[in-house]
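Undergrad: What follows is a structure written as structure tokens; I'll ask about it next.
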Amino acid sequence: MSRGAVLLVGTRKGAFILDGDAARRNWSIRGPFCEGFSIHDVSLDPSDGAILAGGGSPWFGPAVWRSADLGATWTHSSAGLTYGDAGPDLTRVWNVTAASGAVYAGVEPAGLFRSDDGGRTWTQLEGLRAHPSRPDWQPGNGGLICHTIVPDPADPAHMWVGISAVGVFETRDGGATWNTRNRGVRADFVPGPAPEFGQCVHKLAMAAGEPATLYQQNHCGVYRSDDAGGTWTEITAGLPSDFGFPIGVHPRDPGTAWVMPLNGADKGRFAPDAKPAVWRTRDRGASWVRLDRGLPPRDGYISVLREAMAVDDLEPAGVYIGTSTGQLYGSADEGETWTAIAANLPPIASVDVAIVER
């Protein structure tokens, strides 16, 4: 038996799996899987090693796919993924996250579902859409989507979600009730002072070993919270832009995170000056370092979407990014150097990584 990295990639034309060696130098591609569906998120259930893929089809609607054998065979289900006859049509799954024996799905229009049987059947956690703010929720450019789910590993009843363009919500009772968690986050597109909700969160991540420390990439800056989202401190200073989508965190060091700034919401949404780079902090956002060795030095009109950055737990940590034009890059040294893993995939919506025994 040997350990190796597995990249789980969601694209506009299904899911792909890339198998890597222990050194993360050589990769082989399998797929596409989940054909006929746009796959927005692929992740691994750590409780049983199953791969979970969430997406949607204009013909078949939303579904969560599951593979118990690392992609050799797949099943899928949409049972229970509905708001009922009186609710809006549920179009797609944007995030699928396993935690504490359950699987959670964030969907469009924004809402949250839970499965207690590995994704075979689903039940809505109605408390989120019952929040008093819901009649005033507005979509972001990508729609009104619940795209990020962050469980607290120490407390199964505690989690956060991110909704565009609504903001961050927190529950401490398993989803029965929710509170907004956006204090200190700018919403420059809204007149007047920052509101209680209406911020366009792009991605949320928890620091290693510190459930109260959260990092956020927003439409209007990068932020850190040291009190479980109660308040946020902006840490954008030192970055070339306050706009981007993904954020990744180190598996062991709570002070290390990575972002990939884009040139702005109204400027094309590609790498600044068409020179792609990932930026890393090792001091909780007090300073940032530009990392671009091995990425295109020029004419790199690429973007990386919110789910398309992943970090493995090897030593040193590996970092991976997938672009909306089908390129996949990896770094086996925490971003210092990059290599092209794949170049001709469909547009990439998500990248996740798992270390498995073969």
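Quick note on naming: the chains in the structure tokens go A, B, ... in the order shown, residues restart at 1 in each chain, and ligands are numbered from 1 in order of appearance.
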Show me, as JSON lines, the residues of segment 184-289 of chain A having an atom within 12 Å of segment 153-156 of chain A, each with the closest atom pair and its distance in Å, using only C-alpha atoms.
TA:
{"residue": "A:Met206", "atom": "CA", "partner": "A:Pro153", "partner_atom": "CA", "distance": 10.0}
{"residue": "A:Ala207", "atom": "CA", "partner": "A:Pro153", "partner_atom": "CA", "distance": 11.5}
{"residue": "A:Ala208", "atom": "CA", "partner": "A:Pro153", "partner_atom": "CA", "distance": 10.5}
{"residue": "A:Gly209", "atom": "CA", "partner": "A:Pro153", "partner_atom": "CA", "distance": 9.2}
{"residue": "A:Glu210", "atom": "CA", "partner": "A:Pro153", "partner_atom": "CA", "distance": 9.9}
{"residue": "A:Pro211", "atom": "CA", "partner": "A:Pro153", "partner_atom": "CA", "distance": 7.6}
{"residue": "A:Ala212", "atom": "CA", "partner": "A:Ala154", "partner_atom": "CA", "distance": 10.9}
Undergrad: Could the residues in this selection be saved with N, CA and C atoms as an mmCIF file, in the first residue's frame?
TA:
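Wrote it out as out-v3.cif, contents follow:
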data_model
loop_
_atom_site.group_PDB
_atom_site.id
_atom_site.type_symbol
_atom_site.label_atom_id
_atom_site.label_comp_id
_atom_site.auth_asym_id
_atom_site.auth_seq_id
_atom_site.Cartn_x
_atom_site.Cartn_y
_atom_site.Cartn_z
ATOM 1 N N MET A 206 -12.237 27.775 7.573
ATOM 2 C CA MET A 206 -11.877 27.750 8.991
ATOM 3 C C MET A 206 -10.386 27.482 9.148
ATOM 4 N N ALA A 207 -9.733 28.215 10.068
ATOM 5 C CA ALA A 207 -8.312 28.009 10.342
ATOM 6 C C ALA A 207 -8.083 26.665 11.020
ATOM 7 N N ALA A 208 -6.942 26.064 10.742
ATOM 8 C CA ALA A 208 -6.612 24.758 11.304
ATOM 9 C C ALA A 208 -6.548 24.826 12.823
ATOM 10 N N GLY A 209 -7.316 23.966 13.490
ATOM 11 C CA GLY A 209 -7.236 23.851 14.938
ATOM 12 C C GLY A 209 -7.859 24.986 15.708
ATOM 13 N N GLU A 210 -8.456 25.947 15.020
ATOM 14 C CA GLU A 210 -9.059 27.109 15.690
ATOM 15 C C GLU A 210 -10.464 27.350 15.131
ATOM 16 N N PRO A 211 -11.464 26.663 15.635
ATOM 17 C CA PRO A 211 -12.812 26.820 15.084
ATOM 18 C C PRO A 211 -13.362 28.237 15.157
ATOM 19 N N ALA A 212 -12.825 29.074 16.032
ATOM 20 C CA ALA A 212 -13.312 30.447 16.126
ATOM 21 C C ALA A 212 -12.642 31.378 15.128
#
Undergrad: Would you list, as a list in words, the residues of segment 242-316 of chain A that end up in strand (DSSP E) under DSSP run on this structure's backbone?
TA: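 So the strand (DSSP E) residues in segment 242-316 of chain A would be Phe243, Gly244, Phe245, Pro246, Ile247, Gly248, Val249, Ala257, Trp258, Val259, Met260, Pro261, Leu262, Val278, Trp279, Arg280, Thr281, Val289, Arg290, Leu291, Met309, Ala310 and Val311 of chain A.
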Undergrad: Put those residues in a file: N, CA and C atoms, as a short mmCIF file (atom, residue, chain, number, x, y, z; two decimals), in the first residue's frame.
TA:
data_model
loop_
_atom_site.label_atom_id
_atom_site.label_comp_id
_atom_site.auth_asym_id
_atom_site.auth_seq_id
_atom_site.Cartn_x
_atom_site.Cartn_y
_atom_site.Cartn_z
N PHE A 243 -10.85 42.00 -4.88
CA PHE A 243 -11.83 41.12 -5.49
C PHE A 243 -11.18 39.79 -5.87
N GLY A 244 -11.85 38.72 -5.53
CA GLY A 244 -11.42 37.37 -5.90
C GLY A 244 -12.48 36.39 -5.44
N PHE A 245 -12.27 35.12 -5.70
CA PHE A 245 -13.26 34.12 -5.31
C PHE A 245 -12.76 33.11 -4.28
N PRO A 246 -11.66 32.38 -4.50
CA PRO A 246 -11.33 31.31 -3.56
C PRO A 246 -10.49 31.78 -2.39
N ILE A 247 -10.48 30.99 -1.33
CA ILE A 247 -9.53 31.14 -0.24
C ILE A 247 -9.24 29.74 0.29
N GLY A 248 -7.96 29.44 0.52
CA GLY A 248 -7.55 28.15 1.06
C GLY A 248 -6.77 28.35 2.34
N VAL A 249 -6.85 27.38 3.24
CA VAL A 249 -6.16 27.49 4.52
C VAL A 249 -5.22 26.30 4.70
N ALA A 257 -2.78 31.20 4.87
CA ALA A 257 -3.90 31.10 3.94
C ALA A 257 -3.44 31.56 2.57
N TRP A 258 -4.19 31.16 1.54
CA TRP A 258 -3.90 31.53 0.16
C TRP A 258 -5.15 32.13 -0.48
N VAL A 259 -4.96 33.13 -1.33
CA VAL A 259 -6.03 33.70 -2.14
C VAL A 259 -5.51 33.89 -3.56
N MET A 260 -6.43 34.11 -4.50
CA MET A 260 -6.04 34.44 -5.86
C MET A 260 -6.84 35.65 -6.32
N PRO A 261 -6.28 36.85 -6.15
CA PRO A 261 -7.01 38.07 -6.53
C PRO A 261 -7.24 38.14 -8.04
N LEU A 262 -8.37 38.72 -8.40
CA LEU A 262 -8.67 39.05 -9.79
C LEU A 262 -8.68 40.57 -9.92
N VAL A 278 -0.84 33.40 -7.14
CA VAL A 278 -1.49 33.10 -5.87
C VAL A 278 -0.75 33.88 -4.79
N TRP A 279 -1.48 34.42 -3.84
CA TRP A 279 -0.88 35.20 -2.76
C TRP A 279 -1.06 34.45 -1.44
N ARG A 280 -0.01 34.46 -0.63
CA ARG A 280 -0.02 33.70 0.62
C ARG A 280 0.30 34.61 1.81
N THR A 281 -0.40 34.38 2.90
CA THR A 281 -0.05 35.01 4.17
C THR A 281 0.40 33.93 5.15
N VAL A 289 2.47 37.58 0.30
CA VAL A 289 3.58 37.35 -0.63
C VAL A 289 3.00 36.81 -1.94
N ARG A 290 3.48 37.35 -3.04
CA ARG A 290 3.04 36.93 -4.38
C ARG A 290 3.81 35.69 -4.81
N LEU A 291 3.10 34.67 -5.29
CA LEU A 291 3.69 33.40 -5.70
C LEU A 291 3.24 33.09 -7.13
N MET A 309 -10.01 26.08 -5.52
CA MET A 309 -8.71 26.04 -4.86
C MET A 309 -8.78 24.99 -3.75
N ALA A 310 -7.74 24.17 -3.65
CA ALA A 310 -7.71 23.13 -2.64
C ALA A 310 -6.32 23.02 -2.05
N VAL A 311 -6.25 22.54 -0.81
CA VAL A 311 -4.98 22.38 -0.09
C VAL A 311 -4.96 20.98 0.51
#
Undergrad: Find the distance between atom CA of Asp117 of chain A and atom CA of Trp94 of chain A and write it in Å to one decimal.
TA: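 So the answer is 19.4 Å.
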Undergrad: May I have the residues within 10 Å of Asn263 of chain A as a PyMOL selection string, using only C-alpha atoms and disregarding those fewer than 6 positions away in the same chain?
TA: chain A and resi 240-244+269-274+303
Undergrad: Write out as an MDAnalysis selection string which residues come within 12 Å of Gly56 of chain A when counting only C-alpha atoms, dropping same-chain ones fewer than 5 positions away.
TA: chainID A and resid 10:14 34:41 61:65 76:78 81 90:95 107:108
Undergrad: Work out how far atom CA of Gly4 of chain A is from atom CA of Trp27 of chain A, in Å to one decimal.
TA: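 Between atom CA of Trp27 of chain A and atom CA of Gly4 of chain A the gap works out to 10.2 Å.
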Undergrad: For the atom pair atom CA of Ala349 of chain A and atom CA of Ser57 of chain A, what is the interatomic distance in Å to one decimal place?
TA: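 Interatomic distance, atom CA of Ala349 of chain A to atom CA of Ser57 of chain A: 14.7 Å.
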Undergrad: Report as a Markdown table: every residue of segment 58-160 of chain A with an atom at most 7 Å from segment 172-175 of chain A, its closest pair of atoms, and their distance in Å to one decimal, counting only C-alpha atoms, with rows sorted by chain and ascending residue number.
TA:
| residue | atom | partner | partner_atom | distance |
| --- | --- | --- | --- | --- |
| A:Leu125 | CA | A:Gly175 | CA | 5.8 |
| A:Gly127 | CA | A:Gly175 | CA | 5.9 |
| A:Leu128 | CA | A:Gly175 | CA | 6.8 |
| A:Ala157 | CA | A:Gly174 | CA | 4.0 |
| A:His158 | CA | A:Arg172 | CA | 4.3 |
| A:Met159 | CA | A:Arg172 | CA | 6.8 |
Undergrad: Please produce a file of those selected residues containing N, CA and C atoms, as a compact mmCIF listing (two decimals), in the first residue's frame.
TA:
# COMPACT_ATOMS: atom_id res chain seq x y z
N LEU A 125 -33.25 21.85 5.90
CA LEU A 125 -33.12 22.53 7.19
C LEU A 125 -33.84 23.88 7.03
N GLY A 127 -34.88 26.19 8.83
CA GLY A 127 -34.57 27.38 9.60
C GLY A 127 -33.83 28.44 8.82
N LEU A 128 -33.00 28.03 7.85
CA LEU A 128 -32.23 29.02 7.10
C LEU A 128 -33.14 29.90 6.25
N ALA A 157 -23.62 20.51 15.99
CA ALA A 157 -24.75 21.42 15.86
C ALA A 157 -24.34 22.81 15.39
N HIS A 158 -23.02 23.02 15.20
CA HIS A 158 -22.50 24.35 14.93
C HIS A 158 -21.94 24.41 13.51
N MET A 159 -22.38 25.36 12.70
CA MET A 159 -21.81 25.53 11.37
C MET A 159 -22.11 26.93 10.85
Undergrad: Do a neighbour search on Ala99 of chain A at 9 Å with only C-alpha atoms, toss out local chain neighbours closer than 2 positions, and write the hits as a PyMOL selection string.
TA: chain A and resi 45-47+97+101-104+151-153+156
Undergrad: Neighbouring residues of Pro195 of chain A were defined as those with any atom within 9 Å, considering only C-alpha atoms; residues of the same chain fewer than 4 positions away were excluded. Please report them as a list in words.
TA: Asn182, Arg183, Val185, Arg186, Ala187, Val190 and Gln199 of chain A
Undergrad: Kindly save the residues from that selection, with C-alpha atoms included, as a PDB file, in the first residue's frame.
TA:
ATOM      1  CA  ASN A 182     -21.361  40.088   8.648  1.00  0.00           C
ATOM      2  CA  ARG A 183     -20.315  42.834  11.055  1.00  0.00           C
ATOM      3  CA  VAL A 185     -17.631  43.415   6.121  1.00  0.00           C
ATOM      4  CA  ARG A 186     -18.006  46.047   3.412  1.00  0.00           C
ATOM      5  CA  ALA A 187     -20.820  46.098   0.882  1.00  0.00           C
ATOM      6  CA  VAL A 190     -25.105  49.149  -1.214  1.00  0.00           C
ATOM      7  CA  GLN A 199     -22.722  41.334   1.672  1.00  0.00           C
TER       8      GLN A 199
END
Undergrad: For Asn218 of chain A, which residue among A:Ala194, A:Ala165, A:Ala79, A:Ala237 is the nearest when counting only C-alpha atoms?
TA: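 With only C-alpha atoms as the atom set, the closest residue is A:Ala165.
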